[in-house]
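Student: Following this line is structure-v4.txt, made up of compact mmCIF, N, CA and C atoms:
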# COMPACT_ATOMS: atom_id res chain seq x y z
N MET A 210 104.23 -20.12 -12.96
CA MET A 210 103.65 -19.26 -11.95
C MET A 210 104.44 -17.95 -11.94
N SER A 211 103.71 -16.84 -11.88
CA SER A 211 104.37 -15.54 -11.90
C SER A 211 104.97 -15.23 -10.53
N GLU A 212 105.86 -14.25 -10.51
CA GLU A 212 106.47 -13.82 -9.26
C GLU A 212 105.39 -13.28 -8.31
N LYS A 213 104.42 -12.58 -8.86
CA LYS A 213 103.34 -12.05 -8.04
C LYS A 213 102.58 -13.18 -7.36
N ASP A 214 102.27 -14.24 -8.11
CA ASP A 214 101.57 -15.39 -7.53
C ASP A 214 102.41 -16.09 -6.46
N ARG A 215 103.73 -16.19 -6.71
CA ARG A 215 104.61 -16.80 -5.71
C ARG A 215 104.62 -15.97 -4.42
N LEU A 216 104.64 -14.66 -4.56
CA LEU A 216 104.63 -13.79 -3.38
C LEU A 216 103.30 -13.91 -2.62
N ILE A 217 102.22 -14.00 -3.36
CA ILE A 217 100.90 -14.15 -2.71
C ILE A 217 100.86 -15.46 -1.93
N GLU A 218 101.37 -16.54 -2.52
CA GLU A 218 101.42 -17.82 -1.80
C GLU A 218 102.31 -17.72 -0.56
N ARG A 219 103.42 -17.02 -0.68
CA ARG A 219 104.33 -16.85 0.47
C ARG A 219 103.60 -16.10 1.59
N ILE A 220 102.88 -15.07 1.23
CA ILE A 220 102.13 -14.29 2.23
C ILE A 220 101.06 -15.16 2.87
N GLU A 221 100.36 -15.95 2.07
CA GLU A 221 99.33 -16.84 2.62
C GLU A 221 99.92 -17.85 3.60
N ARG A 222 101.07 -18.41 3.25
CA ARG A 222 101.73 -19.35 4.17
C ARG A 222 102.16 -18.64 5.46
N ALA A 223 102.65 -17.41 5.31
CA ALA A 223 103.06 -16.64 6.49
C ALA A 223 101.85 -16.32 7.37
N GLU A 224 100.72 -15.99 6.75
CA GLU A 224 99.51 -15.73 7.53
C GLU A 224 99.04 -16.98 8.25
N ASP A 225 99.09 -18.12 7.56
CA ASP A 225 98.71 -19.38 8.20
C ASP A 225 99.62 -19.67 9.40
N ARG A 226 100.92 -19.45 9.23
CA ARG A 226 101.86 -19.69 10.32
C ARG A 226 101.59 -18.74 11.48
N TYR A 227 101.31 -17.49 11.17
CA TYR A 227 100.98 -16.50 12.20
C TYR A 227 99.76 -16.96 13.00
N LEU A 228 98.72 -17.40 12.30
CA LEU A 228 97.52 -17.89 12.99
C LEU A 228 97.83 -19.11 13.85
N GLN A 229 98.66 -19.99 13.33
CA GLN A 229 99.05 -21.18 14.10
C GLN A 229 99.79 -20.79 15.37
N LEU A 230 100.71 -19.85 15.24
CA LEU A 230 101.51 -19.43 16.39
C LEU A 230 100.71 -18.64 17.42
N THR A 231 99.74 -17.88 16.97
CA THR A 231 99.01 -17.01 17.90
C THR A 231 97.71 -17.62 18.41
N ALA A 232 97.18 -18.64 17.76
CA ALA A 232 95.91 -19.23 18.18
C ALA A 232 96.06 -20.09 19.42
N ALA A 233 97.15 -20.81 19.50
CA ALA A 233 97.34 -21.72 20.64
C ALA A 233 97.76 -20.94 21.87
N GLY A 234 97.16 -21.30 22.99
CA GLY A 234 97.58 -20.73 24.25
C GLY A 234 96.99 -19.38 24.57
N GLN A 235 96.31 -18.75 23.63
CA GLN A 235 95.70 -17.47 23.95
C GLN A 235 94.43 -17.69 24.74
N ASN A 236 94.22 -16.84 25.69
CA ASN A 236 93.00 -16.91 26.47
C ASN A 236 91.99 -15.97 25.83
N SER A 237 91.52 -16.34 24.67
CA SER A 237 90.64 -15.49 23.87
C SER A 237 89.20 -15.60 24.34
N PRO A 238 88.49 -14.48 24.36
CA PRO A 238 87.07 -14.54 24.68
C PRO A 238 86.29 -15.34 23.63
N LEU A 239 86.89 -15.52 22.46
CA LEU A 239 86.25 -16.31 21.41
C LEU A 239 86.04 -17.76 21.86
N GLN A 240 86.92 -18.23 22.73
CA GLN A 240 86.80 -19.61 23.23
C GLN A 240 85.62 -19.77 24.17
N SER A 241 85.11 -18.67 24.70
CA SER A 241 84.02 -18.77 25.67
C SER A 241 82.65 -18.51 25.06
N VAL A 242 82.59 -18.19 23.76
CA VAL A 242 81.29 -17.96 23.13
C VAL A 242 80.91 -19.14 22.26
N ASP A 243 79.65 -19.43 22.23
CA ASP A 243 79.15 -20.55 21.44
C ASP A 243 78.41 -20.00 20.23
N LEU A 244 79.18 -19.45 19.28
CA LEU A 244 78.60 -18.85 18.08
C LEU A 244 79.23 -19.47 16.84
N THR A 245 78.44 -19.56 15.79
CA THR A 245 78.97 -20.05 14.52
C THR A 245 79.74 -18.92 13.84
N MET A 246 80.51 -19.28 12.84
CA MET A 246 81.24 -18.27 12.08
C MET A 246 80.26 -17.28 11.44
N ARG A 247 79.14 -17.77 10.94
CA ARG A 247 78.15 -16.89 10.31
C ARG A 247 77.57 -15.92 11.34
N GLN A 248 77.31 -16.41 12.55
CA GLN A 248 76.79 -15.53 13.59
C GLN A 248 77.82 -14.47 13.97
N LEU A 249 79.08 -14.88 14.08
CA LEU A 249 80.14 -13.91 14.36
C LEU A 249 80.24 -12.87 13.24
N ARG A 250 80.07 -13.34 12.02
CA ARG A 250 80.13 -12.43 10.87
C ARG A 250 79.00 -11.41 10.94
N VAL A 251 77.80 -11.85 11.33
CA VAL A 251 76.67 -10.93 11.48
C VAL A 251 77.00 -9.86 12.50
N LEU A 252 77.55 -10.27 13.63
CA LEU A 252 77.90 -9.30 14.67
C LEU A 252 78.92 -8.29 14.15
N LEU A 253 79.92 -8.79 13.44
CA LEU A 253 80.95 -7.91 12.91
C LEU A 253 80.37 -6.94 11.88
N ILE A 254 79.56 -7.44 10.96
CA ILE A 254 78.94 -6.58 9.95
C ILE A 254 78.10 -5.50 10.62
N LEU A 255 77.30 -5.89 11.60
CA LEU A 255 76.44 -4.93 12.28
C LEU A 255 77.25 -3.91 13.09
N SER A 256 78.44 -4.31 13.54
CA SER A 256 79.25 -3.39 14.34
C SER A 256 79.75 -2.21 13.53
N TYR A 257 79.73 -2.33 12.21
CA TYR A 257 80.17 -1.25 11.34
C TYR A 257 79.01 -0.47 10.75
N SER A 258 77.81 -0.70 11.27
CA SER A 258 76.64 0.01 10.74
C SER A 258 75.75 0.45 11.88
N ASP A 259 74.81 1.30 11.55
CA ASP A 259 73.80 1.71 12.53
C ASP A 259 72.53 0.94 12.22
N GLY A 260 72.66 -0.38 12.26
CA GLY A 260 71.54 -1.24 11.92
C GLY A 260 71.45 -1.44 10.42
N MET A 261 70.91 -2.58 10.03
CA MET A 261 70.77 -2.89 8.62
C MET A 261 69.40 -3.50 8.37
N ALA A 262 68.84 -3.21 7.21
CA ALA A 262 67.62 -3.88 6.81
C ALA A 262 67.93 -5.37 6.64
N GLY A 263 66.97 -6.20 6.93
CA GLY A 263 67.17 -7.64 6.81
C GLY A 263 67.70 -8.03 5.44
N GLN A 264 67.16 -7.40 4.38
CA GLN A 264 67.61 -7.72 3.02
C GLN A 264 69.06 -7.31 2.81
N GLU A 265 69.46 -6.16 3.35
CA GLU A 265 70.86 -5.72 3.25
C GLU A 265 71.79 -6.73 3.93
N LEU A 266 71.38 -7.18 5.09
CA LEU A 266 72.18 -8.15 5.82
C LEU A 266 72.24 -9.47 5.06
N ALA A 267 71.11 -9.88 4.49
CA ALA A 267 71.09 -11.11 3.68
C ALA A 267 72.06 -10.98 2.51
N ASP A 268 72.04 -9.84 1.84
CA ASP A 268 72.95 -9.61 0.71
C ASP A 268 74.41 -9.67 1.16
N ALA A 269 74.70 -9.04 2.30
CA ALA A 269 76.08 -9.02 2.80
C ALA A 269 76.56 -10.43 3.15
N LEU A 270 75.64 -11.27 3.60
CA LEU A 270 76.00 -12.65 3.98
C LEU A 270 75.91 -13.63 2.82
N GLY A 271 75.23 -13.22 1.75
CA GLY A 271 75.03 -14.12 0.62
C GLY A 271 74.00 -15.20 0.91
N VAL A 272 72.98 -14.85 1.68
CA VAL A 272 71.91 -15.79 2.03
C VAL A 272 70.57 -15.13 1.76
N GLY A 273 69.50 -15.91 1.90
CA GLY A 273 68.17 -15.37 1.74
C GLY A 273 67.66 -14.71 3.02
N PRO A 274 66.61 -13.90 2.89
CA PRO A 274 66.05 -13.23 4.07
C PRO A 274 65.59 -14.19 5.17
N ALA A 275 65.09 -15.34 4.79
CA ALA A 275 64.63 -16.30 5.81
C ALA A 275 65.81 -16.80 6.65
N ALA A 276 66.96 -16.96 6.02
CA ALA A 276 68.15 -17.39 6.77
C ALA A 276 68.56 -16.33 7.78
N VAL A 277 68.43 -15.06 7.41
CA VAL A 277 68.78 -13.97 8.31
C VAL A 277 67.87 -14.00 9.54
N THR A 278 66.60 -14.28 9.32
CA THR A 278 65.67 -14.37 10.45
C THR A 278 66.12 -15.44 11.43
N GLY A 279 66.48 -16.62 10.92
CA GLY A 279 66.93 -17.71 11.78
C GLY A 279 68.22 -17.37 12.50
N ILE A 280 69.17 -16.78 11.78
CA ILE A 280 70.46 -16.44 12.37
C ILE A 280 70.26 -15.43 13.50
N THR A 281 69.46 -14.39 13.21
CA THR A 281 69.29 -13.35 14.23
C THR A 281 68.52 -13.86 15.44
N LYS A 282 67.59 -14.78 15.23
CA LYS A 282 66.88 -15.36 16.37
C LYS A 282 67.85 -16.15 17.25
N ARG A 283 68.76 -16.87 16.62
CA ARG A 283 69.73 -17.67 17.40
C ARG A 283 70.75 -16.79 18.12
N LEU A 284 70.91 -15.55 17.68
CA LEU A 284 71.84 -14.64 18.35
C LEU A 284 71.24 -14.07 19.64
N GLY A 285 69.98 -14.30 19.84
CA GLY A 285 69.34 -13.93 21.11
C GLY A 285 69.48 -12.48 21.46
N ASP A 286 69.99 -12.21 22.67
CA ASP A 286 70.05 -10.83 23.16
C ASP A 286 71.24 -10.04 22.62
N LEU A 287 71.98 -10.60 21.65
CA LEU A 287 73.10 -9.88 21.06
C LEU A 287 72.64 -8.93 19.95
N VAL A 288 71.46 -9.19 19.39
CA VAL A 288 70.90 -8.33 18.36
C VAL A 288 69.42 -8.09 18.67
N ARG A 289 68.89 -7.05 18.03
CA ARG A 289 67.45 -6.82 18.13
C ARG A 289 66.94 -6.45 16.75
N ARG A 290 65.69 -6.79 16.51
CA ARG A 290 65.03 -6.45 15.26
C ARG A 290 63.97 -5.40 15.57
N ALA A 291 63.85 -4.43 14.69
CA ALA A 291 62.86 -3.38 14.90
C ALA A 291 62.40 -2.84 13.55
N GLU A 292 61.22 -2.23 13.56
CA GLU A 292 60.73 -1.60 12.34
C GLU A 292 61.64 -0.46 11.95
N ASP A 293 61.80 -0.28 10.65
CA ASP A 293 62.55 0.87 10.14
C ASP A 293 61.67 2.11 10.38
N PRO A 294 62.22 3.14 11.03
CA PRO A 294 61.40 4.32 11.31
C PRO A 294 60.88 5.00 10.05
N ALA A 295 61.60 4.86 8.93
CA ALA A 295 61.18 5.51 7.69
C ALA A 295 60.22 4.65 6.87
N ASP A 296 60.22 3.34 7.09
CA ASP A 296 59.36 2.43 6.32
C ASP A 296 58.99 1.25 7.20
N ARG A 297 57.79 1.24 7.70
CA ARG A 297 57.36 0.23 8.67
C ARG A 297 57.33 -1.18 8.09
N ARG A 298 57.41 -1.32 6.78
CA ARG A 298 57.43 -2.66 6.16
C ARG A 298 58.79 -3.32 6.32
N ILE A 299 59.81 -2.53 6.58
CA ILE A 299 61.18 -3.04 6.65
C ILE A 299 61.56 -3.29 8.10
N ARG A 300 62.14 -4.45 8.34
CA ARG A 300 62.68 -4.77 9.67
C ARG A 300 64.18 -4.56 9.63
N ARG A 301 64.69 -3.83 10.59
CA ARG A 301 66.13 -3.58 10.68
C ARG A 301 66.71 -4.40 11.82
N VAL A 302 67.97 -4.76 11.68
CA VAL A 302 68.66 -5.54 12.70
C VAL A 302 69.76 -4.66 13.28
N TYR A 303 69.82 -4.60 14.60
CA TYR A 303 70.77 -3.77 15.32
C TYR A 303 71.53 -4.62 16.34
N LEU A 304 72.75 -4.22 16.63
CA LEU A 304 73.46 -4.80 17.77
C LEU A 304 72.85 -4.24 19.04
N THR A 305 72.70 -5.07 20.04
CA THR A 305 72.32 -4.58 21.35
C THR A 305 73.58 -4.16 22.09
N GLU A 306 73.42 -3.62 23.28
CA GLU A 306 74.60 -3.28 24.07
C GLU A 306 75.44 -4.53 24.34
N ALA A 307 74.78 -5.65 24.60
CA ALA A 307 75.51 -6.90 24.86
C ALA A 307 76.27 -7.34 23.61
N GLY A 308 75.66 -7.20 22.44
CA GLY A 308 76.33 -7.56 21.19
C GLY A 308 77.52 -6.67 20.91
N ALA A 309 77.34 -5.36 21.11
CA ALA A 309 78.44 -4.41 20.89
C ALA A 309 79.57 -4.67 21.88
N ALA A 310 79.22 -5.01 23.11
CA ALA A 310 80.25 -5.29 24.12
C ALA A 310 81.04 -6.54 23.75
N LEU A 311 80.36 -7.58 23.24
CA LEU A 311 81.05 -8.80 22.84
C LEU A 311 82.00 -8.53 21.68
N VAL A 312 81.54 -7.78 20.67
CA VAL A 312 82.40 -7.46 19.54
C VAL A 312 83.61 -6.66 20.01
N ALA A 313 83.40 -5.70 20.88
CA ALA A 313 84.51 -4.89 21.41
C ALA A 313 85.49 -5.76 22.18
N GLU A 314 84.97 -6.70 22.98
CA GLU A 314 85.84 -7.60 23.74
C GLU A 314 86.69 -8.47 22.82
N LEU A 315 86.07 -8.99 21.76
CA LEU A 315 86.81 -9.83 20.81
C LEU A 315 87.87 -9.01 20.08
N ARG A 316 87.51 -7.81 19.64
CA ARG A 316 88.48 -6.96 18.94
C ARG A 316 89.64 -6.59 19.86
N ASP A 317 89.30 -6.20 21.09
CA ASP A 317 90.35 -5.78 22.03
C ASP A 317 91.31 -6.92 22.34
N ALA A 318 90.78 -8.12 22.52
CA ALA A 318 91.64 -9.27 22.83
C ALA A 318 92.61 -9.52 21.68
N GLY A 319 92.11 -9.48 20.45
CA GLY A 319 92.97 -9.68 19.29
C GLY A 319 94.00 -8.57 19.14
N ARG A 320 93.55 -7.35 19.38
CA ARG A 320 94.47 -6.22 19.25
C ARG A 320 95.55 -6.23 20.30
N ASP A 321 95.21 -6.61 21.52
CA ASP A 321 96.21 -6.63 22.59
C ASP A 321 97.36 -7.58 22.25
N GLY A 322 97.01 -8.77 21.79
CA GLY A 322 98.06 -9.73 21.42
C GLY A 322 98.89 -9.23 20.26
N LYS A 323 98.22 -8.66 19.28
CA LYS A 323 98.94 -8.16 18.11
C LYS A 323 99.83 -6.98 18.47
N ARG A 324 99.35 -6.12 19.35
CA ARG A 324 100.18 -4.98 19.79
C ARG A 324 101.47 -5.46 20.47
N ARG A 325 101.34 -6.49 21.29
CA ARG A 325 102.54 -7.01 21.96
C ARG A 325 103.57 -7.49 20.93
N LEU A 326 103.09 -8.14 19.89
CA LEU A 326 104.00 -8.59 18.84
C LEU A 326 104.56 -7.42 18.05
N MET A 327 103.72 -6.46 17.71
CA MET A 327 104.19 -5.34 16.90
C MET A 327 105.21 -4.49 17.65
N ARG A 328 105.12 -4.44 18.97
CA ARG A 328 106.11 -3.68 19.74
C ARG A 328 107.51 -4.29 19.61
N ARG A 329 107.58 -5.53 19.17
CA ARG A 329 108.88 -6.18 18.98
C ARG A 329 109.50 -5.83 17.62
N LEU A 330 108.74 -5.17 16.77
CA LEU A 330 109.23 -4.79 15.45
C LEU A 330 109.89 -3.41 15.50
N THR A 331 110.78 -3.18 14.55
CA THR A 331 111.42 -1.87 14.46
C THR A 331 110.41 -0.87 13.88
N GLU A 332 110.70 0.41 14.06
CA GLU A 332 109.83 1.44 13.49
C GLU A 332 109.76 1.31 11.97
N ARG A 333 110.88 0.97 11.35
CA ARG A 333 110.89 0.79 9.89
C ARG A 333 109.92 -0.30 9.46
N ARG A 334 109.96 -1.44 10.16
CA ARG A 334 109.04 -2.55 9.84
C ARG A 334 107.58 -2.13 10.06
N LEU A 335 107.36 -1.39 11.13
CA LEU A 335 105.99 -0.93 11.40
C LEU A 335 105.51 0.04 10.32
N ARG A 336 106.39 0.92 9.84
CA ARG A 336 106.01 1.83 8.75
C ARG A 336 105.69 1.03 7.49
N ASP A 337 106.50 0.00 7.19
CA ASP A 337 106.24 -0.86 6.04
C ASP A 337 104.89 -1.56 6.18
N TYR A 338 104.63 -2.06 7.38
CA TYR A 338 103.36 -2.75 7.66
C TYR A 338 102.18 -1.78 7.51
N ALA A 339 102.34 -0.57 8.03
CA ALA A 339 101.27 0.43 7.92
C ALA A 339 100.99 0.77 6.46
N ARG A 340 102.06 0.94 5.66
CA ARG A 340 101.87 1.22 4.23
C ARG A 340 101.19 0.06 3.52
N THR A 341 101.57 -1.16 3.87
CA THR A 341 100.94 -2.34 3.26
C THR A 341 99.46 -2.40 3.62
N MET A 342 99.12 -2.15 4.87
CA MET A 342 97.71 -2.18 5.28
C MET A 342 96.93 -1.07 4.56
N ASP A 343 97.53 0.11 4.42
CA ASP A 343 96.88 1.20 3.68
C ASP A 343 96.61 0.78 2.24
N ALA A 344 97.60 0.12 1.62
CA ALA A 344 97.45 -0.33 0.24
C ALA A 344 96.37 -1.41 0.11
N LEU A 345 96.33 -2.36 1.06
CA LEU A 345 95.29 -3.39 1.04
C LEU A 345 93.90 -2.77 1.20
N ASN A 346 93.78 -1.80 2.11
CA ASN A 346 92.50 -1.13 2.30
C ASN A 346 92.08 -0.38 1.04
N ALA A 347 93.03 0.29 0.40
CA ALA A 347 92.72 1.00 -0.84
C ALA A 347 92.27 0.03 -1.93
N ALA A 348 92.94 -1.11 -2.03
CA ALA A 348 92.54 -2.12 -3.02
C ALA A 348 91.14 -2.63 -2.73
N ALA A 349 90.83 -2.88 -1.44
CA ALA A 349 89.49 -3.35 -1.07
C ALA A 349 88.44 -2.29 -1.37
N GLU A 350 88.76 -1.03 -1.09
CA GLU A 350 87.80 0.05 -1.37
C GLU A 350 87.55 0.19 -2.86
N SER A 351 88.58 -0.03 -3.68
CA SER A 351 88.42 0.11 -5.12
C SER A 351 87.56 -1.02 -5.70
N MET A 352 87.46 -2.13 -4.99
CA MET A 352 86.62 -3.24 -5.46
C MET A 352 85.15 -2.87 -5.38
N ASP A 353 84.78 -1.98 -4.46
CA ASP A 353 83.40 -1.56 -4.29
C ASP A 353 82.95 -0.61 -5.36
N SER A 354 83.90 0.04 -6.06
CA SER A 354 83.55 1.04 -7.07
C SER A 354 83.19 0.41 -8.38
How does the structure come out when it is put into structure tokens?

Tutor:
Amino acid sequence: MSEKDRLIERIERAEDRYLQLTAAGQNSPLQSVDLTMRQLRVLLILSYSDGMAGQELADALGVGPAAVTGITKRLGDLVRRAEDPADRRIRRVYLTEAGAALVAELRDAGRDGKRRLMRRLTERRLRDYARTMDALNAAAESMDS
């Protein structure tokens, strides 16, 4: 095993430990919602767009268009479907105000806890973390090209 692979495994173990330490005892709004991981993923994907065509959403989820119809119906008032103004044959899926509010609440809850932990780090560690996150984002962006 290469040193790079050993470091990746070490990071994965550290991430697992972080999740273990932070998941217990948190009063997360996630505990009060009855959504599947796929439904949460739909909400998150839609939160970064101004609506998506059903086929685009299906592609992003790796499912067929019929599955998207079922998922969005089960999301109820968190999403809405509407005709695409440019092409009436296409149905677009949008977050409703309730859906956007739920995503914001989930993000804020996670960020608040993480901010409390990050405030315990030195500025040097935070700069290292910021550079690492920038590098991860750049690597993810390069995968799309």

Student: From chain A, collect each residue whose DSSP state is helix (DSSP H, G or I) and return the set as a PyMOL selection string.

Tutor: chain A and resi 212-232+238-241+246-256+263-270+274-283+285-287+306-327+332-353

Student: So how far away is atom CA of Ile254 of chain A from atom C of Ala307 of chain A, in Å?

Tutor: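 A separation of 13.9 Å between them.
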
Student: One decimal, Å: what's the distance from atom CA of Leu287 of chain A over to atom CA of Ser258 of chain A, could you say?

Tutor: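 Atom-to-atom, atom CA of Leu287 of chain A to atom CA of Ser258 of chain A, that is 14.7 Å.
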
Student: Just give me the gap between atom N of Leu335 of chain A and atom CA of Glu350 of chain A in Å, one decimal is fine.

Tutor: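 For atom N of Leu335 of chain A relative to atom CA of Glu350 of chain A, the distance reads 23.3 Å.
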
Student: Between A:Val302, A:Met352, A:Leu228, A:Ala295, which is the closest to Thr281 of chain A once you count only C-alpha atoms?

Tutor: A:Val302

Student: So, counting all atoms listed in the file, which residue among A:Leu249, A:Ala310, A:Ala232, A:Ala262 is closest to Asp293 of chain A?

Tutor: A:Ala262

Student: Skip segment 283-286 of chain A itself and residues of its chain fewer than 5 positions away, then list as a PyMOL selection string all residues within 9 Å of it, counting only C-alpha atoms.

Tutor: chain A and resi 244+248+252+278+304-308
